[in-house]
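Asks: Contents of entry_29.txt (compact mmCIF, C-alpha atoms and all ligand atoms) are below:
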```txt
# COMPACT_ATOMS: atom_id res chain seq x y z
CA MET A 1 47.33 21.86 226.64
CA SER A 2 50.38 22.61 224.57
CA LEU A 3 50.38 21.82 220.90
CA LYS A 4 53.38 19.91 219.56
CA ILE A 5 54.43 21.15 216.12
CA HIS A 6 56.38 18.97 213.70
CA PRO A 7 59.13 21.12 212.07
CA ASP A 8 58.06 19.93 208.58
CA ALA A 9 54.59 21.39 209.23
CA ILE A 10 56.05 24.92 209.22
CA THR A 11 57.90 24.23 205.96
CA ALA A 12 54.66 22.89 204.46
CA LEU A 13 52.82 26.07 205.49
CA LYS A 14 55.51 28.32 203.99
CA ASP A 15 55.52 26.40 200.70
CA PHE A 16 51.72 26.39 200.24
CA SER A 17 49.65 28.67 198.04
CA LEU A 18 45.96 28.46 197.13
CA PRO A 19 45.13 27.31 193.60
CA GLU A 20 42.86 29.58 191.57
CA GLN A 21 39.89 27.18 191.53
CA ILE A 22 39.28 25.69 194.97
CA GLY A 23 35.87 23.95 194.74
CA PHE A 24 34.54 22.17 197.83
CA GLY A 25 36.66 19.73 199.86
CA SER A 26 39.37 19.18 197.29
CA THR A 27 41.96 21.84 198.17
CA ILE A 28 43.40 20.87 201.54
CA SER A 29 45.36 22.95 204.07
CA PRO A 30 49.04 21.81 204.17
CA VAL A 31 48.86 20.85 207.87
CA MET A 32 46.71 18.46 209.90
CA MET A 33 46.21 17.60 213.56
CA ASN A 34 46.82 14.17 215.00
CA CYS A 35 46.29 12.53 218.39
CA GLU A 36 46.51 8.81 219.15
CA TYR A 37 44.54 6.70 221.62
CA LYS A 38 46.19 3.63 223.12
CA ASP A 39 46.59 1.91 226.51
CA GLY A 40 43.29 3.44 227.59
CA LYS A 41 44.16 7.11 227.02
CA TRP A 42 44.48 9.88 224.47
CA GLY A 43 48.07 11.09 223.88
CA GLU A 44 49.60 14.37 222.79
CA LEU A 45 48.08 16.55 220.05
CA GLU A 46 50.52 17.24 217.22
CA MET A 47 50.36 19.38 214.09
CA VAL A 48 52.01 17.54 211.18
CA PRO A 49 52.24 18.17 207.43
CA TYR A 50 49.10 17.07 205.56
CA GLY A 51 49.73 13.82 203.70
CA PRO A 52 48.89 10.14 203.30
CA ILE A 53 48.62 7.99 206.42
CA THR A 54 49.79 4.40 206.74
CA LEU A 55 47.29 1.82 207.98
CA SER A 56 47.61 -1.92 208.35
CA PRO A 57 45.10 -3.72 206.07
CA THR A 58 43.68 -5.36 209.23
CA CYS A 59 42.74 -2.05 210.87
CA LYS A 60 39.21 -2.33 212.21
CA VAL A 61 37.96 0.83 210.53
CA LEU A 62 38.58 -0.73 207.12
CA HIS A 63 36.36 -3.73 207.88
CA TYR A 64 33.84 -2.74 210.53
CA ALA A 65 33.50 1.00 209.84
CA GLN A 66 34.18 2.03 213.44
CA GLU A 67 34.60 5.73 212.77
CA ILE A 68 32.99 9.13 213.31
CA PHE A 69 33.41 12.59 211.82
CA GLU A 70 32.30 16.21 212.08
CA GLY A 71 32.00 19.14 209.68
CA LEU A 72 32.36 22.77 210.71
CA LYS A 73 33.52 26.04 209.23
CA ALA A 74 35.76 29.05 209.87
CA TYR A 75 34.99 32.25 207.94
CA ARG A 76 37.29 35.05 206.83
CA VAL A 77 35.11 37.12 204.53
CA MET A 78 36.81 40.36 203.42
CA GLY A 79 39.80 39.52 205.63
CA LYS A 80 37.90 39.69 208.96
CA GLY A 81 38.18 36.84 211.48
CA PRO A 82 38.82 33.96 211.21
CA PHE A 83 35.52 33.24 212.98
CA LEU A 84 34.64 29.75 214.15
CA PHE A 85 30.91 29.04 214.34
CA ARG A 86 29.55 27.08 217.35
CA HIS A 87 32.43 24.60 217.41
CA LEU A 88 31.65 23.53 220.98
CA GLU A 89 28.38 22.10 219.58
CA ASN A 90 30.39 20.04 217.09
CA CYS A 91 32.54 18.79 219.95
CA LYS A 92 29.44 17.68 221.89
CA ARG A 93 27.95 15.94 218.84
CA PHE A 94 31.33 14.28 218.13
CA ASN A 95 31.27 12.69 221.57
CA HIS A 96 27.60 11.71 221.13
CA SER A 97 28.63 9.89 217.93
CA ALA A 98 31.66 8.41 219.72
CA ALA A 99 29.47 6.93 222.46
CA ARG A 100 27.14 5.28 219.88
CA MET A 101 30.09 3.82 217.94
CA ALA A 102 31.94 2.46 221.02
CA ILE A 103 34.74 4.99 220.57
CA PRO A 104 36.31 6.46 223.74
CA GLU A 105 35.26 10.02 224.58
CA LEU A 106 37.68 12.66 223.27
CA PRO A 107 38.45 15.33 225.93
CA GLU A 108 36.80 18.62 224.96
CA GLU A 109 40.11 20.50 225.27
CA ILE A 110 41.78 18.28 222.63
CA PHE A 111 38.92 18.78 220.14
CA MET A 112 38.76 22.54 220.73
CA GLU A 113 42.52 23.04 220.57
CA ALA A 114 42.83 20.98 217.38
CA VAL A 115 40.05 22.91 215.62
CA GLU A 116 41.27 26.31 216.81
CA ALA A 117 44.90 25.58 215.92
CA ILE A 118 44.17 24.32 212.40
CA THR A 119 42.10 27.48 211.87
CA ALA A 120 44.89 29.71 213.19
CA TYR A 121 47.54 28.05 211.01
CA SER A 122 45.28 27.97 207.92
CA ALA A 123 44.16 31.60 208.34
CA ASP A 124 46.10 32.82 205.28
CA PHE A 125 44.36 30.23 203.09
CA ILE A 126 40.74 30.92 204.03
CA PRO A 127 38.96 32.35 200.98
CA ARG A 128 37.55 35.85 201.39
CA GLU A 129 34.35 35.69 199.28
CA SER A 130 30.95 35.51 200.97
CA GLY A 131 29.75 31.88 201.12
CA SER A 132 33.34 30.54 201.07
CA SER A 133 35.11 29.27 204.17
CA LEU A 134 37.58 26.86 205.68
CA TYR A 135 35.65 23.58 205.93
CA ILE A 136 37.08 21.68 208.90
CA ARG A 137 36.77 17.91 209.14
CA PRO A 138 37.63 16.26 212.50
CA PHE A 139 37.43 12.45 212.51
CA ILE A 140 38.32 9.38 214.54
CA ILE A 141 39.17 5.99 213.03
CA ALA A 142 39.67 2.60 214.70
CA THR A 143 43.28 1.59 214.07
CA GLU A 144 43.72 -1.64 216.02
CA GLU A 145 45.24 -4.26 213.71
CA ASN A 146 43.03 -7.24 214.25
CA LEU A 147 40.13 -8.78 212.34
CA GLY A 148 38.16 -9.78 215.45
CA ILE A 149 34.75 -8.13 215.56
CA LYS A 150 35.01 -6.19 218.78
CA PRO A 151 35.64 -2.51 219.58
CA SER A 152 39.12 -1.32 218.71
CA GLU A 153 41.55 -0.53 221.51
CA LYS A 154 43.50 1.94 219.34
CA PHE A 155 42.20 5.05 217.55
CA SER A 156 43.51 8.06 215.61
CA PHE A 157 41.86 11.45 216.00
CA MET A 158 42.71 13.74 213.10
CA VAL A 159 41.59 17.13 211.84
CA ILE A 160 42.05 18.23 208.25
CA ALA A 161 40.78 21.49 206.74
CA SER A 162 39.73 22.50 203.27
CA PRO A 163 39.61 26.07 201.91
CA SER A 164 36.27 25.78 200.13
CA ALA A 165 33.74 27.55 197.94
CA SER A 166 29.99 26.80 198.24
CA TYR A 167 29.08 23.10 198.49
CA PHE A 168 26.44 23.18 195.77
CA ALA A 169 27.53 24.68 192.46
CA SER A 170 23.89 25.10 191.37
CA GLY A 171 21.62 27.45 193.33
CA SER A 172 18.73 25.05 194.02
CA LEU A 173 18.02 21.34 194.29
CA LYS A 174 15.79 18.84 192.52
CA VAL A 175 15.16 16.20 195.17
CA LEU A 176 14.13 12.54 194.79
CA ILE A 177 11.74 11.18 197.43
CA GLU A 178 13.20 7.76 198.33
CA ARG A 179 10.19 5.49 198.91
CA ASN A 180 12.07 2.16 199.07
CA ALA A 181 15.53 2.25 200.62
CA ALA A 182 15.95 3.66 204.14
CA ARG A 183 18.82 5.51 205.77
CA ALA A 184 18.22 4.79 209.45
CA PHE A 185 16.07 2.72 211.82
CA THR A 186 14.98 3.08 215.44
CA GLY A 187 17.82 1.84 217.61
CA GLY A 188 20.34 2.20 214.77
CA THR A 189 23.03 4.80 214.18
CA GLY A 190 20.95 7.58 212.58
CA THR A 191 21.81 10.21 215.19
CA ALA A 192 25.55 9.52 214.96
CA LYS A 193 27.73 11.22 212.37
CA THR A 194 29.36 8.04 211.15
CA GLY A 195 30.45 7.03 207.66
CA GLY A 196 28.09 4.05 207.40
CA ASN A 197 25.03 6.33 207.34
CA TYR A 198 26.49 8.18 204.37
CA ALA A 199 27.59 4.97 202.63
CA ALA A 200 23.99 3.75 202.95
CA SER A 201 22.80 6.78 200.99
CA LEU A 202 25.12 6.38 198.00
CA LEU A 203 23.18 3.83 195.95
CA THR A 204 20.13 6.08 196.00
CA SER A 205 22.27 9.06 195.04
CA VAL A 206 23.34 7.23 191.87
CA LYS A 207 19.69 6.47 191.06
CA ALA A 208 18.75 10.08 191.79
CA VAL A 209 21.34 11.46 189.37
CA GLU A 210 20.30 8.97 186.66
CA LEU A 211 16.74 10.24 187.04
CA GLY A 212 17.81 13.90 186.86
CA TYR A 213 17.70 14.72 190.59
CA MET A 214 20.52 16.08 192.73
CA ASN A 215 19.73 14.84 196.24
CA THR A 216 17.50 12.51 198.24
CA LEU A 217 14.71 13.01 200.73
CA TRP A 218 14.75 10.15 203.24
CA LEU A 219 11.58 8.88 204.90
CA ASP A 220 11.31 7.00 208.19
CA GLY A 221 12.59 3.42 208.08
CA GLU A 222 9.46 1.85 209.57
CA ASN A 223 6.59 3.27 207.50
CA ARG A 224 8.29 5.23 204.67
CA LYS A 225 5.72 7.93 205.42
CA TYR A 226 7.39 10.62 207.48
CA ILE A 227 10.13 12.97 206.33
CA GLU A 228 13.44 12.50 208.14
CA GLU A 229 16.32 14.30 206.43
CA MET A 230 18.22 14.68 203.20
CA SER A 231 21.64 13.11 202.52
CA GLY A 232 23.92 15.02 204.89
CA MET A 233 21.43 17.85 205.51
CA ASN A 234 18.24 18.62 207.43
CA PHE A 235 14.97 19.56 205.74
CA PHE A 236 12.67 22.58 206.23
CA ALA A 237 9.52 23.73 204.42
CA VAL A 238 7.25 26.75 204.67
CA VAL A 239 3.56 25.82 204.88
CA ASN A 240 0.95 28.58 205.26
CA ASP A 241 3.79 30.95 206.22
CA VAL A 242 4.89 28.65 209.06
CA LEU A 243 8.41 27.23 209.01
CA VAL A 244 8.21 23.47 209.61
CA THR A 245 10.92 20.88 210.13
CA PRO A 246 10.78 17.24 211.24
CA LYS A 247 11.07 16.99 215.01
CA LEU A 248 14.19 15.14 216.10
CA THR A 249 13.89 11.40 216.64
CA ASP A 250 16.48 8.69 217.26
CA THR A 251 16.93 8.34 213.50
CA ILE A 252 17.67 11.97 212.54
CA LEU A 253 21.04 13.71 212.87
CA ALA A 254 20.68 16.80 215.08
CA GLY A 255 22.05 19.47 212.74
CA ILE A 256 23.80 22.47 214.27
CA THR A 257 22.63 24.59 211.32
CA ARG A 258 19.10 23.24 211.95
CA ASP A 259 19.33 24.28 215.59
CA SER A 260 20.75 27.72 214.66
CA LEU A 261 17.90 28.34 212.20
CA ILE A 262 15.31 27.45 214.83
CA THR A 263 16.85 30.08 217.14
CA LEU A 264 17.06 32.64 214.33
CA ALA A 265 13.44 32.00 213.28
CA LYS A 266 12.33 32.67 216.87
CA ASN A 267 14.41 35.89 216.98
CA LEU A 268 12.95 37.00 213.62
CA ASN A 269 9.37 36.21 214.74
CA ILE A 270 8.95 33.58 212.03
CA PRO A 271 6.30 31.09 213.22
CA LEU A 272 7.91 27.67 213.59
CA LYS A 273 6.82 24.08 214.20
CA GLU A 274 9.00 21.05 214.82
CA GLU A 275 6.67 18.17 214.03
CA THR A 276 6.17 14.88 212.25
CA ILE A 277 5.72 15.67 208.54
CA ASN A 278 3.82 13.19 206.40
CA ILE A 279 5.31 13.23 202.90
CA ASP A 280 1.96 12.85 201.16
CA SER A 281 0.43 15.73 203.13
CA LEU A 282 3.40 17.90 202.21
CA ILE A 283 2.99 17.00 198.53
CA GLU A 284 -0.69 17.90 198.75
CA SER A 285 0.15 21.26 200.28
CA ILE A 286 2.66 21.94 197.50
CA LYS A 287 -0.03 21.10 194.93
CA ILE A 288 -2.60 23.44 196.45
CA GLY A 289 -0.07 26.22 196.96
CA GLU A 290 0.06 26.13 200.77
CA CYS A 291 3.66 24.93 200.84
CA THR A 292 5.58 27.62 199.00
CA GLU A 293 9.21 27.06 200.04
CA ALA A 294 11.48 24.19 201.01
CA PHE A 295 15.19 24.05 201.69
CA ALA A 296 18.05 21.85 202.81
CA CYS A 297 20.37 23.09 205.55
CA GLY A 298 23.67 21.95 206.91
CA THR A 299 27.20 23.13 207.61
CA ALA A 300 28.32 22.47 204.05
CA ALA A 301 25.05 23.42 202.34
CA ILE A 302 24.22 26.43 204.60
CA ILE A 303 20.69 26.94 203.19
CA THR A 304 20.09 25.52 199.73
CA PRO A 305 16.59 25.92 198.31
CA VAL A 306 14.66 22.92 197.02
CA GLU A 307 13.14 23.74 193.66
CA LEU A 308 11.14 20.53 193.36
CA LEU A 309 10.46 17.18 194.96
CA GLY A 310 9.91 14.21 192.68
CA GLU A 311 9.23 10.50 192.37
CA GLU A 312 11.09 7.71 190.58
CA ASP A 313 8.37 7.63 187.90
CA GLY A 314 9.15 11.22 186.93
CA THR A 315 6.20 12.92 188.70
CA THR A 316 7.40 16.19 190.18
CA TYR A 317 6.00 18.73 192.64
CA GLU A 318 7.41 22.19 192.06
CA LEU A 319 7.80 24.76 194.81
CA LYS A 320 6.46 28.23 194.15
CA TYR A 321 9.73 30.10 194.72
CA PRO A 322 13.28 29.36 193.50
CA ILE A 323 14.29 30.85 196.87
CA GLY A 324 11.38 32.03 198.96
CA PRO A 325 11.31 35.08 201.25
CA ILE A 326 11.65 33.10 204.51
CA SER A 327 14.53 30.95 203.20
CA LYS A 328 16.23 34.10 201.90
CA SER A 329 15.90 36.01 205.13
CA LEU A 330 17.17 33.07 207.24
CA LYS A 331 20.11 32.53 204.90
CA GLU A 332 21.09 36.20 204.91
CA ASN A 333 20.89 36.41 208.70
CA LEU A 334 22.81 33.18 209.28
CA LEU A 335 25.60 34.08 206.85
CA ALA A 336 25.88 37.61 208.23
CA ILE A 337 26.47 36.16 211.72
CA GLN A 338 28.87 33.47 210.50
CA GLU A 339 30.87 35.97 208.46
CA GLY A 340 31.06 38.49 211.32
CA ARG A 341 28.90 41.16 209.65
CA MET A 342 26.17 40.95 212.28
CA GLU A 343 26.11 40.10 215.97
CA GLY A 344 24.60 36.68 216.72
CA PRO A 345 23.42 35.03 219.91
CA MET A 346 25.99 34.79 222.72
CA GLY A 347 28.72 32.22 222.21
CA TRP A 348 28.03 31.47 218.54
CA ILE A 349 31.23 33.02 217.22
CA LYS A 350 34.82 32.73 218.41
CA THR A 351 37.46 34.93 216.80
CA ILE A 352 40.74 33.10 216.25
CA GLU A 353 44.07 34.90 216.19
CA PRO A 354 45.96 33.96 212.97
CA ALA A 355 49.19 32.06 213.79
CA THR A 356 52.56 33.50 212.83
CA TYR A 357 55.22 31.10 211.57
C1 LIG B 1 28.30 18.85 206.59
O1 LIG B 1 27.47 19.68 206.28
O2 LIG B 1 29.30 19.12 207.27
C2 LIG B 1 28.13 17.47 206.19
O3 LIG B 1 28.43 16.59 206.94
C3 LIG B 1 27.68 17.20 204.82
C4 LIG B 1 28.75 16.51 204.11
C5 LIG B 1 28.70 15.06 204.16
C6 LIG B 1 29.47 17.20 203.05
```
Rewrite the structure from the file as structure tokens, please.
Replies:
Amino acid sequence: MSLKIHPDAITALKDFSLPEQIGFGSTISPVMMNCEYKDGKWGELEMVPYGPITLSPTCKVLHYAQEIFEGLKAYRVMGKGPFLFRHLENCKRFNHSAARMAIPELPEEIFMEAVEAITAYSADFIPRESGSSLYIRPFIIATEENLGIKPSEKFSFMVIASPSASYFASGSLKVLIERNAARAFTGGTGTAKTGGNYAASLLTSVKAVELGYMNTLWLDGENRKYIEEMSGMNFFAVVNDVLVTPKLTDTILAGITRDSLITLAKNLNIPLKEETINIDSLIESIKIGECTEAFACGTAAIITPVELLGEEDGTTYELKYPIGPISKSLKENLLAIQEGRMEGPMGWIKTIEPATY
């Protein structure tokens, strides 16, 4: 494929400089990728200046939420790289989400070229500190202008990128166990990375903050008994020195960080179980000191320790360690691979040549 480049995109790149404080997801690379679907096929991929897009108020995405997204990172710590981490896995999950949301499959070469090109052209703006990265956000929205409730026949695929520091400013999380609302149900959209799943978590996030928590632990929709995931992250705990994580179901998003940690745990000889985890049994094992560590993991969060789980009535269950030895070792190993300081399993890292312009 050949990438079309809008002349204003080069001007935008030349005029851009990183602000001193970048935060997470608020400083945006001056270019973005765009590809349109109409008449039954995807068109040409183009790099354009980053900026507002024009949508008709009748576009289906605005009413029926027909959309999907991904999150992935490129690293350039101490000027090495940029290194993209397992982006083919993001491409596969993107098309899994597309299938669930009645969005036409995006050819792998368009996804890969878009992600690699935005990394190459943003290379100068990728922060160099460990834990920082270029957070890349591919997405597809339904753009057909029509209020009928049926799948759109027009879509926009776009990729934007954000030079970012760590997602969580604080080092560890206080997590509310949500015993009433649910995020996903069997047969629903829980395994798709689609905005509606995140929108469904927002009301609880407001309640959590009011109660002094920072994130939510979601239980299964049917029984509210079994741990599923956190908001935008997967969940792990260490019980009797065994790493445990909920086994994937049709209501849990299959995290690429989750999958990477399972591989790393095996390589590091850390005993591991993917199983159904009953929330009340986990609480009991925290109380009696068998569960010593818990953490959230995801592309944005990497590994963020959970310092306590708690209820709406204020009862809390504190973990033994602020960051336990297993969480620490997994985090150090994962980051060392992502940042190109240590060799990882085959195919996890692709080095991208910075673009000249
Ligand atoms: C990611 O880790 O990429 C996520 O999707 C979490 C996010 C919603 C910030």
Asks: I'd like a table as a tab-separated table: residues in segment 160-240 of chain A with an atom no more than 12 Å from segment 30-41 of chain A, each row giving the shortest atom pair and its distance in Å to one decimal, all atoms listed in the file counted, sorted by chain and rising residue number.
Replies:
```
residue	atom	partner	partner_atom	distance
A:Ile160	CA	A:Met32	CA	4.9
A:Ala161	CA	A:Met32	CA	7.4
A:Ser162	CA	A:Pro30	CA	9.4
A:Pro163	CA	A:Pro30	CA	10.6
```
Asks: Save the residues we just selected, C-alpha atoms, as a CSV table (one decimal), in the coordinates of the input?
Replies:
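For reference, out16.csv as written:
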```csv
chain,number,residue,atom,x,y,z
A,160,ILE,CA,42.0,18.2,208.2
A,161,ALA,CA,40.8,21.5,206.7
A,162,SER,CA,39.7,22.5,203.3
A,163,PRO,CA,39.6,26.1,201.9
```
Asks: Could you give me, as CSV, every chain A residue with an atom at most 7 Å from ligand LIG 1 (chain B), plus its closest atom pair and distance in Å to one decimal, counting all atoms listed in the file, rows ordered by chain then number?
Replies:
```
residue,atom,partner,partner_atom,distance
A:Glu70,CA,B:LIG1,O2,6.4
A:Gly71,CA,B:LIG1,O2,3.6
A:Leu72,CA,B:LIG1,O2,5.9
A:Gly232,CA,B:LIG1,C3,4.3
A:Met233,CA,B:LIG1,C3,6.3
A:Gly298,CA,B:LIG1,O1,4.5
A:Thr299,CA,B:LIG1,O1,3.7
A:Ala300,CA,B:LIG1,O1,3.7
A:Ala301,CA,B:LIG1,O1,5.9
```
Asks: Work out how far atom CA of Thr356 of chain A is from atom CA of Ala336 of chain A, in Å to one decimal.
Replies: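 Separation between atom CA of Ala336 of chain A and atom CA of Thr356 of chain A: 27.4 Å.
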Asks: Would you mind reading off the distance between atom CA of Ile252 of chain A and atom CA of His87 of chain A, one decimal, in Å?
Replies: 20.0 Å
Asks: Just the residues within 7 Å of Glu339 of chain A, please, counting all atoms listed in the file, with nothing from its chain fewer than 4 positions along; format it as a PyMOL selection string.
Replies: chain A and resi 75-77+335
Asks: Go through A:Arg179, A:Arg224, A:Arg100, A:Arg137 and flag the residue nearest Ala114 of chain A, using only C-alpha atoms for the distances.
Replies: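 Using only C-alpha atoms, the shortest distance to Ala114 of chain A belongs to A:Arg137.
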Asks: Using all atoms listed in the file, find each residue of segment 142-254 of chain A with at least one atom at most 9 Å away from an atom of segment 317-333 of chain A; report its shortest atom-to-atom pair and that distance in Å (one decimal), sort the rows by chain and rising residue number, and return the result as JSON lines.
Replies:
```
{"residue": "A:Gly171", "atom": "CA", "partner": "A:Pro322", "partner_atom": "CA", "distance": 8.6}
{"residue": "A:Ser172", "atom": "CA", "partner": "A:Pro322", "partner_atom": "CA", "distance": 7.0}
{"residue": "A:Ala237", "atom": "CA", "partner": "A:Ser327", "partner_atom": "CA", "distance": 8.9}
{"residue": "A:Val238", "atom": "CA", "partner": "A:Ile326", "partner_atom": "CA", "distance": 7.7}
{"residue": "A:Asp241", "atom": "CA", "partner": "A:Ile326", "partner_atom": "CA", "distance": 8.3}
{"residue": "A:Leu243", "atom": "CA", "partner": "A:Ile326", "partner_atom": "CA", "distance": 8.1}
```
Asks: Interatomic distance between atom CA of Val61 of chain A and atom CA of Ser122 of chain A?
Replies: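 That distance, rounded to one decimal, is 28.2 Å.
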Asks: From the list A:Leu18, A:Leu13, A:Phe24, A:Arg93, which residue is nearest Pro49 of chain A when using all atoms listed in the file?
Replies: A:Leu13
Asks: Quick one: of A:Ala200, A:Ala142, A:Met112, A:Met346, who's nearest to Pro57 of chain A, counting only C-alpha atoms?
Replies: A:Ala142
Asks: Given all atoms listed in the file as the basis, pick out the residue of A:Ile349, A:Ile103, A:Val175, A:Val209 nearest to Ser152 of chain A.
Replies: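 Selected residue with least distance to Ser152 of chain A: A:Ile103.
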Asks: Go through A:Gly255, A:Leu268, A:Gly340, A:Lys174 and flag the residue nearest Val306 of chain A, using all atoms listed in the file for the distances.
Replies: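 Residue with the minimum atom-to-atom distance to Val306 of chain A: A:Lys174.
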Asks: With distances taken over all atoms listed in the file, which of A:Phe94, A:Phe185, A:Phe155, A:Trp218 is nearest to Ser201 of chain A?
Replies: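 Checking each candidate against Ser201 of chain A, we get A:Trp218 as the closest.
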Asks: Applying 10 Å and only C-alpha atoms, which residues near Thr11 of chain A remain after dropping the ones on its own chain fewer than 3 positions away? List them as a ChimeraX atom specification.
Replies: /A:6-8,14-16,30-31,49,357
Asks: Wanna dump the segment 177-208 of chain A-segment 309-313 of chain A contacts at 9 Å for me, each residue with its shortest atom pair and the distance in Å to one decimal, counting all atoms listed in the file, ordered by chain and number, as CSV?
Replies:
```
residue,atom,partner,partner_atom,distance
A:Ile177,CA,A:Glu311,CA,5.7
A:Glu178,CA,A:Glu311,CA,7.7
A:Arg179,CA,A:Glu311,CA,8.3
A:Lys207,CA,A:Glu312,CA,8.7
A:Ala208,CA,A:Glu312,CA,8.1
```
Asks: Can you tell me, as a list of chain:residue names, what residues are no more than 12 Å from Val239 of chain A when counting all atoms listed in the file, ignoring any on the same chain fewer than 6 positions away?
Replies: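 Near neighbours after the sequence-gap exclusion: A:Thr245, A:Ile270, A:Pro271, A:Leu272, A:Lys273, A:Ile277, A:Ser281, A:Leu282, A:Ile283, A:Glu284, A:Ser285, A:Ile286, A:Lys287, A:Ile288, A:Gly289, A:Glu290, A:Cys291, A:Thr292, A:Glu293, A:Ala294, A:Leu319, A:Lys320, A:Gly324, A:Ile326.
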Asks: Set the distance at 12 Å and use all atoms listed in the file: which residues neighbour Leu203 of chain A once local chain neighbours fewer than 6 positions away are removed? I'd like the list as a PDB file with C-alpha atoms, in the coordinates of the input.
Replies:
```
ATOM      1  CA  GLU A 178      13.200   7.760 198.330  1.00  0.00           C
ATOM      2  CA  ASN A 180      12.070   2.160 199.070  1.00  0.00           C
ATOM      3  CA  ALA A 181      15.530   2.250 200.620  1.00  0.00           C
ATOM      4  CA  ALA A 182      15.950   3.660 204.140  1.00  0.00           C
ATOM      5  CA  ARG A 183      18.820   5.510 205.770  1.00  0.00           C
ATOM      6  CA  ASN A 197      25.030   6.330 207.340  1.00  0.00           C
ATOM      7  CA  VAL A 209      21.340  11.460 189.370  1.00  0.00           C
ATOM      8  CA  GLU A 210      20.300   8.970 186.660  1.00  0.00           C
ATOM      9  CA  ASN A 215      19.730  14.840 196.240  1.00  0.00           C
ATOM     10  CA  THR A 216      17.500  12.510 198.240  1.00  0.00           C
ATOM     11  CA  SER A 231      21.640  13.110 202.520  1.00  0.00           C
TER      12      SER A 231
END
```
Asks: Take segment 285-298 of chain A, bring it up to N, CA and C atoms, and give me the output as a PDB file, in the frame of the given file.
Replies:
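Output saved as out27.pdb:
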```
ATOM      1  N   SER A 285       0.113  19.813 200.016  1.00  0.00           N
ATOM      2  CA  SER A 285       0.150  21.260 200.280  1.00  0.00           C
ATOM      3  C   SER A 285       1.025  22.006 199.267  1.00  0.00           C
ATOM      4  N   ILE A 286       1.941  21.298 198.616  1.00  0.00           N
ATOM      5  CA  ILE A 286       2.660  21.940 197.500  1.00  0.00           C
ATOM      6  C   ILE A 286       1.679  22.139 196.343  1.00  0.00           C
ATOM      7  N   LYS A 287       0.902  21.065 196.074  1.00  0.00           N
ATOM      8  CA  LYS A 287      -0.030  21.100 194.930  1.00  0.00           C
ATOM      9  C   LYS A 287      -1.055  22.223 195.079  1.00  0.00           C
ATOM     10  N   ILE A 288      -1.558  22.426 196.297  1.00  0.00           N
ATOM     11  CA  ILE A 288      -2.600  23.440 196.450  1.00  0.00           C
ATOM     12  C   ILE A 288      -2.028  24.809 196.822  1.00  0.00           C
ATOM     13  N   GLY A 289      -0.715  24.911 196.778  1.00  0.00           N
ATOM     14  CA  GLY A 289      -0.070  26.220 196.960  1.00  0.00           C
ATOM     15  C   GLY A 289       0.065  26.674 198.400  1.00  0.00           C
ATOM     16  N   GLU A 290      -0.139  25.729 199.357  1.00  0.00           N
ATOM     17  CA  GLU A 290       0.060  26.130 200.770  1.00  0.00           C
ATOM     18  C   GLU A 290       1.525  26.014 201.169  1.00  0.00           C
ATOM     19  N   CYS A 291       2.210  25.036 200.608  1.00  0.00           N
ATOM     20  CA  CYS A 291       3.660  24.930 200.840  1.00  0.00           C
ATOM     21  C   CYS A 291       4.353  25.661 199.697  1.00  0.00           C
ATOM     22  N   THR A 292       5.026  26.749 200.037  1.00  0.00           N
ATOM     23  CA  THR A 292       5.580  27.620 199.000  1.00  0.00           C
ATOM     24  C   THR A 292       7.107  27.542 198.916  1.00  0.00           C
ATOM     25  N   GLU A 293       7.739  27.104 200.015  1.00  0.00           N
ATOM     26  CA  GLU A 293       9.210  27.060 200.040  1.00  0.00           C
ATOM     27  C   GLU A 293       9.660  25.762 200.701  1.00  0.00           C
ATOM     28  N   ALA A 294      10.831  25.291 200.292  1.00  0.00           N
ATOM     29  CA  ALA A 294      11.480  24.190 201.010  1.00  0.00           C
ATOM     30  C   ALA A 294      12.972  24.380 200.841  1.00  0.00           C
ATOM     31  N   PHE A 295      13.728  23.946 201.837  1.00  0.00           N
ATOM     32  CA  PHE A 295      15.190  24.050 201.690  1.00  0.00           C
ATOM     33  C   PHE A 295      15.909  22.978 202.500  1.00  0.00           C
ATOM     34  N   ALA A 296      17.155  22.738 202.080  1.00  0.00           N
ATOM     35  CA  ALA A 296      18.050  21.850 202.810  1.00  0.00           C
ATOM     36  C   ALA A 296      18.995  22.733 203.604  1.00  0.00           C
ATOM     37  N   CYS A 297      19.383  22.291 204.804  1.00  0.00           N
ATOM     38  CA  CYS A 297      20.370  23.090 205.550  1.00  0.00           C
ATOM     39  C   CYS A 297      21.395  22.174 206.192  1.00  0.00           C
ATOM     40  N   GLY A 298      22.598  22.693 206.294  1.00  0.00           N
ATOM     41  CA  GLY A 298      23.670  21.950 206.910  1.00  0.00           C
ATOM     42  C   GLY A 298      24.912  22.815 206.907  1.00  0.00           C
TER      43      GLY A 298
END
```
